[in-house]
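Structure data (compact mmCIF, N, CA and C atoms) from protein26.txt:
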# COMPACT_ATOMS: atom_id res chain seq x y z
N MET X 17 60.84 59.18 96.07
CA MET X 17 60.07 60.34 96.51
C MET X 17 60.05 61.36 95.37
N PRO X 18 58.94 62.04 95.17
CA PRO X 18 58.86 63.05 94.10
C PRO X 18 59.88 64.18 94.27
N GLN X 19 60.30 64.73 93.15
CA GLN X 19 61.23 65.85 93.16
C GLN X 19 60.53 67.11 92.67
N PHE X 20 60.99 68.24 93.21
CA PHE X 20 60.42 69.55 92.86
C PHE X 20 61.56 70.53 92.62
N ALA X 21 61.47 71.26 91.51
CA ALA X 21 62.44 72.32 91.23
C ALA X 21 61.97 73.59 91.93
N VAL X 22 62.89 74.27 92.57
CA VAL X 22 62.61 75.55 93.20
C VAL X 22 63.42 76.59 92.43
N LEU X 23 62.74 77.42 91.67
CA LEU X 23 63.39 78.47 90.88
C LEU X 23 63.42 79.74 91.71
N ILE X 24 64.59 80.33 91.85
CA ILE X 24 64.77 81.52 92.68
C ILE X 24 64.77 82.74 91.77
N TYR X 25 63.84 83.64 92.01
CA TYR X 25 63.74 84.87 91.23
C TYR X 25 64.26 86.05 92.05
N ALA X 26 65.02 86.91 91.40
CA ALA X 26 65.59 88.08 92.06
C ALA X 26 65.80 89.17 91.03
N ASP X 27 66.10 90.37 91.51
CA ASP X 27 66.38 91.45 90.58
C ASP X 27 67.82 91.37 90.06
N GLU X 28 68.67 90.60 90.75
CA GLU X 28 70.02 90.34 90.28
C GLU X 28 70.60 89.21 91.11
N SER X 29 71.52 88.48 90.54
CA SER X 29 72.17 87.38 91.25
C SER X 29 73.17 87.93 92.26
N LEU X 30 73.23 87.31 93.41
CA LEU X 30 74.23 87.68 94.41
C LEU X 30 75.59 87.08 94.08
N HIS X 31 75.65 86.20 93.11
CA HIS X 31 76.84 85.41 92.85
C HIS X 31 77.73 86.00 91.76
N ALA X 32 78.08 87.25 91.93
CA ALA X 32 79.04 87.89 91.03
C ALA X 32 80.44 87.39 91.38
N ALA X 33 81.36 87.54 90.46
CA ALA X 33 82.73 87.09 90.69
C ALA X 33 83.34 87.73 91.93
N ASP X 34 82.95 88.95 92.22
CA ASP X 34 83.53 89.67 93.37
C ASP X 34 82.60 89.68 94.59
N ALA X 35 81.66 88.75 94.65
CA ALA X 35 80.73 88.70 95.78
C ALA X 35 81.47 88.40 97.08
N ALA X 36 81.11 89.13 98.11
CA ALA X 36 81.71 88.93 99.43
C ALA X 36 80.99 87.78 100.14
N ALA X 37 81.72 87.07 100.97
CA ALA X 37 81.15 85.95 101.73
C ALA X 37 79.95 86.42 102.55
N ALA X 38 80.02 87.62 103.09
CA ALA X 38 78.92 88.16 103.90
C ALA X 38 77.64 88.33 103.07
N ASP X 39 77.80 88.65 101.78
CA ASP X 39 76.64 88.82 100.91
C ASP X 39 75.93 87.49 100.64
N LEU X 40 76.68 86.41 100.70
CA LEU X 40 76.15 85.09 100.39
C LEU X 40 75.76 84.29 101.63
N GLU X 41 76.07 84.82 102.80
CA GLU X 41 75.93 84.06 104.05
C GLU X 41 74.54 83.48 104.28
N GLU X 42 73.50 84.29 104.14
CA GLU X 42 72.15 83.81 104.40
C GLU X 42 71.74 82.70 103.42
N ASN X 43 72.08 82.88 102.16
CA ASN X 43 71.76 81.86 101.16
C ASN X 43 72.58 80.59 101.38
N ASP X 44 73.84 80.73 101.74
CA ASP X 44 74.67 79.56 102.01
C ASP X 44 74.16 78.79 103.22
N LEU X 45 73.70 79.49 104.24
CA LEU X 45 73.14 78.84 105.43
C LEU X 45 71.88 78.05 105.05
N HIS X 46 71.03 78.66 104.24
CA HIS X 46 69.81 77.98 103.77
C HIS X 46 70.18 76.69 103.02
N ALA X 47 71.17 76.77 102.13
CA ALA X 47 71.60 75.60 101.37
C ALA X 47 72.18 74.52 102.30
N ARG X 48 72.97 74.93 103.28
CA ARG X 48 73.52 73.95 104.23
C ARG X 48 72.42 73.27 105.02
N ASP X 49 71.40 74.03 105.42
CA ASP X 49 70.27 73.45 106.16
C ASP X 49 69.53 72.42 105.31
N LEU X 50 69.27 72.74 104.05
CA LEU X 50 68.59 71.79 103.17
C LEU X 50 69.44 70.55 102.92
N SER X 51 70.74 70.74 102.74
CA SER X 51 71.63 69.60 102.53
C SER X 51 71.67 68.71 103.77
N ALA X 52 71.78 69.33 104.94
CA ALA X 52 71.87 68.57 106.19
C ALA X 52 70.59 67.77 106.44
N SER X 53 69.45 68.29 105.99
CA SER X 53 68.18 67.59 106.20
C SER X 53 67.99 66.45 105.20
N GLY X 54 68.84 66.38 104.18
CA GLY X 54 68.71 65.35 103.16
C GLY X 54 67.62 65.65 102.15
N THR X 55 67.09 66.85 102.18
CA THR X 55 65.99 67.25 101.30
C THR X 55 66.47 67.67 99.91
N MET X 56 67.57 68.41 99.84
CA MET X 56 68.03 68.97 98.58
C MET X 56 68.95 67.99 97.87
N SER X 57 68.68 67.72 96.60
CA SER X 57 69.52 66.79 95.85
C SER X 57 70.53 67.51 94.95
N LEU X 58 70.28 68.75 94.56
CA LEU X 58 71.25 69.54 93.81
C LEU X 58 70.86 71.00 93.87
N ALA X 59 71.84 71.86 93.65
CA ALA X 59 71.59 73.30 93.67
C ALA X 59 72.61 74.00 92.78
N TYR X 60 72.16 75.01 92.09
CA TYR X 60 73.04 75.83 91.26
C TYR X 60 72.66 77.29 91.42
N ALA X 61 73.66 78.12 91.67
CA ALA X 61 73.48 79.56 91.65
C ALA X 61 73.97 80.04 90.28
N LEU X 62 73.24 80.95 89.69
CA LEU X 62 73.63 81.48 88.39
C LEU X 62 74.34 82.82 88.56
N THR X 63 75.21 83.13 87.63
CA THR X 63 75.94 84.40 87.68
C THR X 63 74.99 85.54 87.29
N PRO X 64 75.41 86.79 87.48
CA PRO X 64 74.56 87.93 87.11
C PRO X 64 74.14 87.88 85.64
N ARG X 65 72.99 88.46 85.36
CA ARG X 65 72.41 88.36 84.02
C ARG X 65 73.25 88.99 82.93
N ALA X 66 74.15 89.90 83.28
CA ALA X 66 75.02 90.51 82.27
C ALA X 66 75.90 89.45 81.60
N GLN X 67 76.08 88.32 82.23
CA GLN X 67 76.91 87.26 81.66
C GLN X 67 76.11 86.29 80.80
N ALA X 68 74.82 86.48 80.69
CA ALA X 68 73.98 85.59 79.89
C ALA X 68 74.15 85.86 78.40
N VAL X 69 73.95 84.83 77.61
CA VAL X 69 73.89 84.94 76.15
C VAL X 69 72.61 84.25 75.72
N SER X 70 71.78 84.96 74.98
CA SER X 70 70.52 84.40 74.50
C SER X 70 70.68 83.90 73.07
N ILE X 71 70.15 82.74 72.82
CA ILE X 71 70.26 82.12 71.49
C ILE X 71 68.85 81.94 70.94
N ARG X 72 68.64 82.47 69.77
CA ARG X 72 67.35 82.37 69.10
C ARG X 72 67.57 81.94 67.66
N ARG X 73 66.49 81.71 66.97
CA ARG X 73 66.57 81.24 65.58
C ARG X 73 67.40 82.19 64.71
N ASP X 74 67.28 83.49 64.96
CA ASP X 74 67.96 84.46 64.11
C ASP X 74 69.34 84.89 64.62
N GLY X 75 69.85 84.22 65.66
CA GLY X 75 71.20 84.53 66.12
C GLY X 75 71.32 84.57 67.63
N THR X 76 72.41 85.16 68.07
CA THR X 76 72.67 85.27 69.50
C THR X 76 72.79 86.74 69.88
N ARG X 77 72.56 87.00 71.16
CA ARG X 77 72.76 88.37 71.65
C ARG X 77 73.15 88.29 73.12
N ALA X 78 73.84 89.31 73.57
CA ALA X 78 74.24 89.39 74.97
C ALA X 78 73.02 89.70 75.82
N GLY X 79 72.97 89.10 76.99
CA GLY X 79 71.89 89.39 77.93
C GLY X 79 70.92 88.23 78.07
N PRO X 80 70.02 88.37 79.03
CA PRO X 80 69.06 87.29 79.30
C PRO X 80 68.05 87.13 78.17
N PHE X 81 67.42 85.98 78.13
CA PHE X 81 66.44 85.66 77.08
C PHE X 81 65.24 86.59 77.15
N VAL X 82 64.78 86.87 78.37
CA VAL X 82 63.63 87.75 78.57
C VAL X 82 64.08 88.97 79.38
N GLN X 83 63.76 90.14 78.89
CA GLN X 83 64.06 91.36 79.64
C GLN X 83 62.99 91.53 80.70
N SER X 84 63.40 91.59 81.94
CA SER X 84 62.45 91.64 83.05
C SER X 84 63.12 92.29 84.25
N ASP X 85 62.31 92.73 85.20
CA ASP X 85 62.85 93.26 86.45
C ASP X 85 63.40 92.14 87.32
N GLN X 86 62.88 90.93 87.13
CA GLN X 86 63.34 89.77 87.89
C GLN X 86 63.71 88.67 86.91
N PHE X 87 64.63 87.82 87.33
CA PHE X 87 65.02 86.70 86.48
C PHE X 87 65.43 85.55 87.37
N VAL X 88 65.67 84.39 86.79
CA VAL X 88 66.07 83.23 87.57
C VAL X 88 67.53 83.42 87.98
N ALA X 89 67.75 83.53 89.28
CA ALA X 89 69.09 83.73 89.83
C ALA X 89 69.73 82.41 90.23
N GLY X 90 68.92 81.37 90.32
CA GLY X 90 69.43 80.06 90.69
C GLY X 90 68.28 79.08 90.83
N PHE X 91 68.61 77.84 91.10
CA PHE X 91 67.57 76.83 91.29
C PHE X 91 68.14 75.68 92.09
N TYR X 92 67.26 74.95 92.73
CA TYR X 92 67.65 73.72 93.40
C TYR X 92 66.52 72.73 93.30
N VAL X 93 66.84 71.47 93.57
CA VAL X 93 65.85 70.40 93.51
C VAL X 93 65.73 69.80 94.90
N VAL X 94 64.48 69.68 95.36
CA VAL X 94 64.22 69.06 96.65
C VAL X 94 63.36 67.82 96.46
N GLU X 95 63.48 66.92 97.40
CA GLU X 95 62.61 65.75 97.43
C GLU X 95 61.61 65.98 98.55
N ALA X 96 60.33 65.78 98.24
CA ALA X 96 59.26 65.99 99.21
C ALA X 96 58.12 65.03 98.87
N PRO X 97 57.31 64.68 99.87
CA PRO X 97 56.22 63.74 99.59
C PRO X 97 55.15 64.28 98.65
N ASP X 98 54.98 65.61 98.62
CA ASP X 98 53.96 66.20 97.75
C ASP X 98 54.25 67.68 97.54
N LEU X 99 53.44 68.31 96.71
CA LEU X 99 53.64 69.72 96.38
C LEU X 99 53.54 70.61 97.62
N GLU X 100 52.60 70.35 98.49
CA GLU X 100 52.45 71.19 99.70
C GLU X 100 53.70 71.15 100.56
N ALA X 101 54.30 69.97 100.70
CA ALA X 101 55.54 69.86 101.47
C ALA X 101 56.68 70.61 100.78
N ALA X 102 56.74 70.52 99.45
CA ALA X 102 57.78 71.24 98.70
C ALA X 102 57.61 72.75 98.85
N ILE X 103 56.37 73.21 98.85
CA ILE X 103 56.10 74.64 99.05
C ILE X 103 56.58 75.07 100.44
N GLY X 104 56.34 74.24 101.43
CA GLY X 104 56.80 74.54 102.78
C GLY X 104 58.31 74.67 102.85
N ILE X 105 59.01 73.80 102.15
CA ILE X 105 60.48 73.87 102.11
C ILE X 105 60.92 75.14 101.40
N ALA X 106 60.32 75.43 100.24
CA ALA X 106 60.71 76.59 99.44
C ALA X 106 60.39 77.91 100.13
N ARG X 107 59.38 77.92 100.96
CA ARG X 107 58.98 79.14 101.65
C ARG X 107 60.10 79.68 102.55
N ARG X 108 61.04 78.83 102.94
CA ARG X 108 62.14 79.24 103.82
C ARG X 108 63.30 79.89 103.05
N ASN X 109 63.21 79.93 101.72
CA ASN X 109 64.29 80.51 100.93
C ASN X 109 64.41 82.00 101.23
N PRO X 110 65.64 82.51 101.41
CA PRO X 110 65.83 83.94 101.70
C PRO X 110 65.22 84.89 100.67
N ALA X 111 65.12 84.48 99.41
CA ALA X 111 64.55 85.35 98.38
C ALA X 111 63.10 85.71 98.66
N VAL X 112 62.40 84.85 99.38
CA VAL X 112 60.99 85.10 99.69
C VAL X 112 60.84 86.31 100.62
N ARG X 113 61.85 86.56 101.44
CA ARG X 113 61.78 87.66 102.41
C ARG X 113 62.23 89.00 101.84
N THR X 114 62.67 89.04 100.59
CA THR X 114 63.11 90.30 100.00
C THR X 114 61.91 91.05 99.43
N GLY X 115 62.09 92.32 99.18
CA GLY X 115 61.02 93.12 98.60
C GLY X 115 60.81 92.87 97.12
N THR X 116 61.80 92.29 96.45
CA THR X 116 61.71 92.13 95.00
C THR X 116 61.85 90.69 94.52
N GLY X 117 62.13 89.75 95.41
CA GLY X 117 62.37 88.39 94.98
C GLY X 117 61.28 87.42 95.38
N GLY X 118 61.47 86.18 95.04
CA GLY X 118 60.54 85.12 95.38
C GLY X 118 61.00 83.82 94.76
N VAL X 119 60.23 82.78 94.96
CA VAL X 119 60.56 81.49 94.38
C VAL X 119 59.34 80.90 93.69
N GLU X 120 59.59 79.97 92.80
CA GLU X 120 58.54 79.23 92.11
C GLU X 120 58.84 77.75 92.31
N VAL X 121 57.83 76.97 92.63
CA VAL X 121 58.01 75.53 92.83
C VAL X 121 57.28 74.81 91.70
N ARG X 122 58.00 73.88 91.07
CA ARG X 122 57.40 73.10 89.98
C ARG X 122 57.80 71.64 90.12
N PRO X 123 56.84 70.75 89.98
CA PRO X 123 57.18 69.32 90.02
C PRO X 123 58.12 68.98 88.86
N VAL X 124 59.09 68.13 89.15
CA VAL X 124 60.00 67.64 88.11
C VAL X 124 59.31 66.48 87.41
N HIS X 125 59.26 66.55 86.11
CA HIS X 125 58.62 65.51 85.31
C HIS X 125 59.54 64.32 85.10
N SER X 126 60.75 64.60 84.63
CA SER X 126 61.68 63.52 84.32
C SER X 126 63.08 64.10 84.22
N GLY X 127 64.04 63.23 84.06
CA GLY X 127 65.41 63.66 83.88
C GLY X 127 66.30 63.23 85.03
N GLY X 128 67.47 63.78 85.06
CA GLY X 128 68.45 63.47 86.09
C GLY X 128 69.84 63.75 85.57
N ILE X 129 70.81 63.47 86.38
CA ILE X 129 72.19 63.71 85.99
C ILE X 129 72.57 62.69 84.91
N THR X 130 73.12 63.22 83.83
CA THR X 130 73.58 62.35 82.75
C THR X 130 75.09 62.49 82.66
N ALA X 131 75.77 61.45 82.98
CA ALA X 131 77.24 61.52 82.99
C ALA X 131 77.83 60.88 81.77
Mind converting the file's structure to structure tokens?
Amino acid sequence: MPQFAVLIYADESLHAADAAAADLEENDLHARDLSASGTMSLAYALTPRAQAVSIRRDGTRAGPFVQSDQFVAGFYVVEAPDLEAAIGIARRNPAVRTGTGGVEVRPVHSGGITA
């Protein structure tokens, strides 16, 4: 079945080192629902952007690669029969209901876990 990456955009990651379980509850419930349905094959939450290091031809610098009001806070991969079905799955992500967040769905071209 085709795979689709769901990129989660937010103004900041909820997954700080001192994040409270209550702050993560809605997102954790969404992840459990996707896992239980057998739809999601992997998921990663990223730490706050202050922990990012950008690497470019002329060196490295602290912070995200692109300065923006929103950035990728996490991503997951779902299996769906087609793009429309993947959009339907992604539409349930809690970030979609926020005033500043959202998700992007992109078909996965190739790759996989390399051990």
Query raised in the report: What lies within 8 Å of His125 of chain X using all atoms listed in the file, ignoring chain neighbours under 5 positions off, as a PyMOL selection string?
Result: chain X and resi 19-21
Please provide as a PDB file with N, CA and C atoms, in the coordinates of the input all residues within 8 Å of His46 of chain X, with the sequence filter that same-chain residues fewer than 6 positions apart are discarded (counting all atoms listed in the file).
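The result, stored in part.pdb:
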ATOM      1  N   LEU X  40      76.680  86.410 100.700  1.00  0.00           N
ATOM      2  CA  LEU X  40      76.150  85.090 100.390  1.00  0.00           C
ATOM      3  C   LEU X  40      75.760  84.290 101.630  1.00  0.00           C
ATOM      4  N   ALA X  52      71.780  69.330 104.940  1.00  0.00           N
ATOM      5  CA  ALA X  52      71.870  68.570 106.190  1.00  0.00           C
ATOM      6  C   ALA X  52      70.590  67.770 106.440  1.00  0.00           C
ATOM      7  N   ARG X 108      61.040  78.830 102.940  1.00  0.00           N
ATOM      8  CA  ARG X 108      62.140  79.240 103.820  1.00  0.00           C
ATOM      9  C   ARG X 108      63.300  79.890 103.050  1.00  0.00           C
ATOM     10  N   ASN X 109      63.210  79.930 101.720  1.00  0.00           N
ATOM     11  CA  ASN X 109      64.290  80.510 100.930  1.00  0.00           C
ATOM     12  C   ASN X 109      64.410  82.000 101.230  1.00  0.00           C
ATOM     13  N   PRO X 110      65.640  82.510 101.410  1.00  0.00           N
ATOM     14  CA  PRO X 110      65.830  83.940 101.700  1.00  0.00           C
ATOM     15  C   PRO X 110      65.220  84.890 100.670  1.00  0.00           C
TER      16      PRO X 110
END
Query raised in the report: If you count only C-alpha atoms, which residues fall within 12 Å of Arg113 of chain X, apart from same-chain ones fewer than 6 positions away, as a ChimeraX atom specification?
Result: /X:24-26,42-43,106-107,119
Based on the selection just made, write N, CA and C atoms of those residues as a PDB file, keeping the file's coordinate frame.
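Final output, out21.pdb:
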ATOM      1  N   ILE X  24      64.590  80.330  91.850  1.00  0.00           N
ATOM      2  CA  ILE X  24      64.770  81.520  92.680  1.00  0.00           C
ATOM      3  C   ILE X  24      64.770  82.740  91.770  1.00  0.00           C
ATOM      4  N   TYR X  25      63.840  83.640  92.010  1.00  0.00           N
ATOM      5  CA  TYR X  25      63.740  84.870  91.230  1.00  0.00           C
ATOM      6  C   TYR X  25      64.260  86.050  92.050  1.00  0.00           C
ATOM      7  N   ALA X  26      65.020  86.910  91.400  1.00  0.00           N
ATOM      8  CA  ALA X  26      65.590  88.080  92.060  1.00  0.00           C
ATOM      9  C   ALA X  26      65.800  89.170  91.030  1.00  0.00           C
ATOM     10  N   GLU X  42      73.500  84.290 104.140  1.00  0.00           N
ATOM     11  CA  GLU X  42      72.150  83.810 104.400  1.00  0.00           C
ATOM     12  C   GLU X  42      71.740  82.700 103.420  1.00  0.00           C
ATOM     13  N   ASN X  43      72.080  82.880 102.160  1.00  0.00           N
ATOM     14  CA  ASN X  43      71.760  81.860 101.160  1.00  0.00           C
ATOM     15  C   ASN X  43      72.580  80.590 101.380  1.00  0.00           C
ATOM     16  N   ALA X 106      60.320  75.430 100.240  1.00  0.00           N
ATOM     17  CA  ALA X 106      60.710  76.590  99.440  1.00  0.00           C
ATOM     18  C   ALA X 106      60.390  77.910 100.130  1.00  0.00           C
ATOM     19  N   ARG X 107      59.380  77.920 100.960  1.00  0.00           N
ATOM     20  CA  ARG X 107      58.980  79.140 101.650  1.00  0.00           C
ATOM     21  C   ARG X 107      60.100  79.680 102.550  1.00  0.00           C
ATOM     22  N   VAL X 119      60.230  82.780  94.960  1.00  0.00           N
ATOM     23  CA  VAL X 119      60.560  81.490  94.380  1.00  0.00           C
ATOM     24  C   VAL X 119      59.340  80.900  93.690  1.00  0.00           C
TER      25      VAL X 119
END
Report task. One decimal, Å: what's the distance from atom CA of Gly127 of chain X over to atom CA of Pro80 of chain X, could you say? Result -> 24.3 Å
Query raised in the report: Quick one: of X:Glu100, X:Thr116, X:Leu45, X:Asp74, who's nearest to Glu28 of chain X, counting only C-alpha atoms?
Result: X:Thr116
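In this comparison, which uses only C-alpha atoms, the residue of X:Ala68, X:Ala59, X:Ala111, X:Val93 approaching Phe81 of chain X most closely is X:Ala68.
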**Report entry** All residues 10 Å or closer to Asp39 of chain X, only C-alpha atoms, same chain fewer than 5 positions away omitted, as number ranges by chain
**Finding:** X: 30-31, 44
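Here atom CA of Tyr92 of chain X is placed at a distance of 9.1 Å from atom CA of Ala47 of chain X.
Taking atom CA of Glu95 of chain X and atom CA of Ser51 of chain X as the two end points, the separation is 11.1 Å.
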Would you compute, for all listed atoms of segment 99-110 of chain X, the axis-aligned bounding box grown by 6 Å on each side, and then report its centre and edge lengths in Å rounded to one decimal, as JSON?
{"center_x": 59.1, "center_y": 76.6, "center_z": 100.1, "size_x": 25.4, "size_y": 28.6, "size_z": 19.4}
Query - Residues of chain X in alpha helix (DSSP H), written as a ChimeraX atom specification - result: /X:37-53,99-106
Tell me, which residues of segment 18-64 of chain X carry DSSP strand (DSSP E), written as a PDB file with N, CA and C atoms, in the frame of the given file?
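Wrote part-v5.pdb, looks like this:
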ATOM      1  N   GLN X  19      60.300  64.730  93.150  1.00  0.00           N
ATOM      2  CA  GLN X  19      61.230  65.850  93.160  1.00  0.00           C
ATOM      3  C   GLN X  19      60.530  67.110  92.670  1.00  0.00           C
ATOM      4  N   PHE X  20      60.990  68.240  93.210  1.00  0.00           N
ATOM      5  CA  PHE X  20      60.420  69.550  92.860  1.00  0.00           C
ATOM      6  C   PHE X  20      61.560  70.530  92.620  1.00  0.00           C
ATOM      7  N   ALA X  21      61.470  71.260  91.510  1.00  0.00           N
ATOM      8  CA  ALA X  21      62.440  72.320  91.230  1.00  0.00           C
ATOM      9  C   ALA X  21      61.970  73.590  91.930  1.00  0.00           C
ATOM     10  N   VAL X  22      62.890  74.270  92.570  1.00  0.00           N
ATOM     11  CA  VAL X  22      62.610  75.550  93.200  1.00  0.00           C
ATOM     12  C   VAL X  22      63.420  76.590  92.430  1.00  0.00           C
ATOM     13  N   LEU X  23      62.740  77.420  91.670  1.00  0.00           N
ATOM     14  CA  LEU X  23      63.390  78.470  90.880  1.00  0.00           C
ATOM     15  C   LEU X  23      63.420  79.740  91.710  1.00  0.00           C
ATOM     16  N   ILE X  24      64.590  80.330  91.850  1.00  0.00           N
ATOM     17  CA  ILE X  24      64.770  81.520  92.680  1.00  0.00           C
ATOM     18  C   ILE X  24      64.770  82.740  91.770  1.00  0.00           C
ATOM     19  N   TYR X  25      63.840  83.640  92.010  1.00  0.00           N
ATOM     20  CA  TYR X  25      63.740  84.870  91.230  1.00  0.00           C
ATOM     21  C   TYR X  25      64.260  86.050  92.050  1.00  0.00           C
ATOM     22  N   ALA X  26      65.020  86.910  91.400  1.00  0.00           N
ATOM     23  CA  ALA X  26      65.590  88.080  92.060  1.00  0.00           C
ATOM     24  C   ALA X  26      65.800  89.170  91.030  1.00  0.00           C
ATOM     25  N   MET X  56      67.570  68.410  99.840  1.00  0.00           N
ATOM     26  CA  MET X  56      68.030  68.970  98.580  1.00  0.00           C
ATOM     27  C   MET X  56      68.950  67.990  97.870  1.00  0.00           C
ATOM     28  N   SER X  57      68.680  67.720  96.600  1.00  0.00           N
ATOM     29  CA  SER X  57      69.520  66.790  95.850  1.00  0.00           C
ATOM     30  C   SER X  57      70.530  67.510  94.950  1.00  0.00           C
ATOM     31  N   LEU X  58      70.280  68.750  94.560  1.00  0.00           N
ATOM     32  CA  LEU X  58      71.250  69.540  93.810  1.00  0.00           C
ATOM     33  C   LEU X  58      70.860  71.000  93.870  1.00  0.00           C
ATOM     34  N   ALA X  59      71.840  71.860  93.650  1.00  0.00           N
ATOM     35  CA  ALA X  59      71.590  73.300  93.670  1.00  0.00           C
ATOM     36  C   ALA X  59      72.610  74.000  92.780  1.00  0.00           C
ATOM     37  N   TYR X  60      72.160  75.010  92.090  1.00  0.00           N
ATOM     38  CA  TYR X  60      73.040  75.830  91.260  1.00  0.00           C
ATOM     39  C   TYR X  60      72.660  77.290  91.420  1.00  0.00           C
ATOM     40  N   ALA X  61      73.660  78.120  91.670  1.00  0.00           N
ATOM     41  CA  ALA X  61      73.480  79.560  91.650  1.00  0.00           C
ATOM     42  C   ALA X  61      73.970  80.040  90.280  1.00  0.00           C
TER      43      ALA X  61
END
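Residues with at least one atom no more than 5 Å from (71.0, 81.8, 93.1), using only N, CA and C atoms, are Ala61, Leu62, Ala89 and Gly90 of chain X.
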Report task. Compare X:Val94, X:Ile71, X:Met17, X:Ile129 by their minimum atom-to-atom distance to Leu58 of chain X, counting all atoms listed in the file, and give me the closest one. Result -> X:Val94
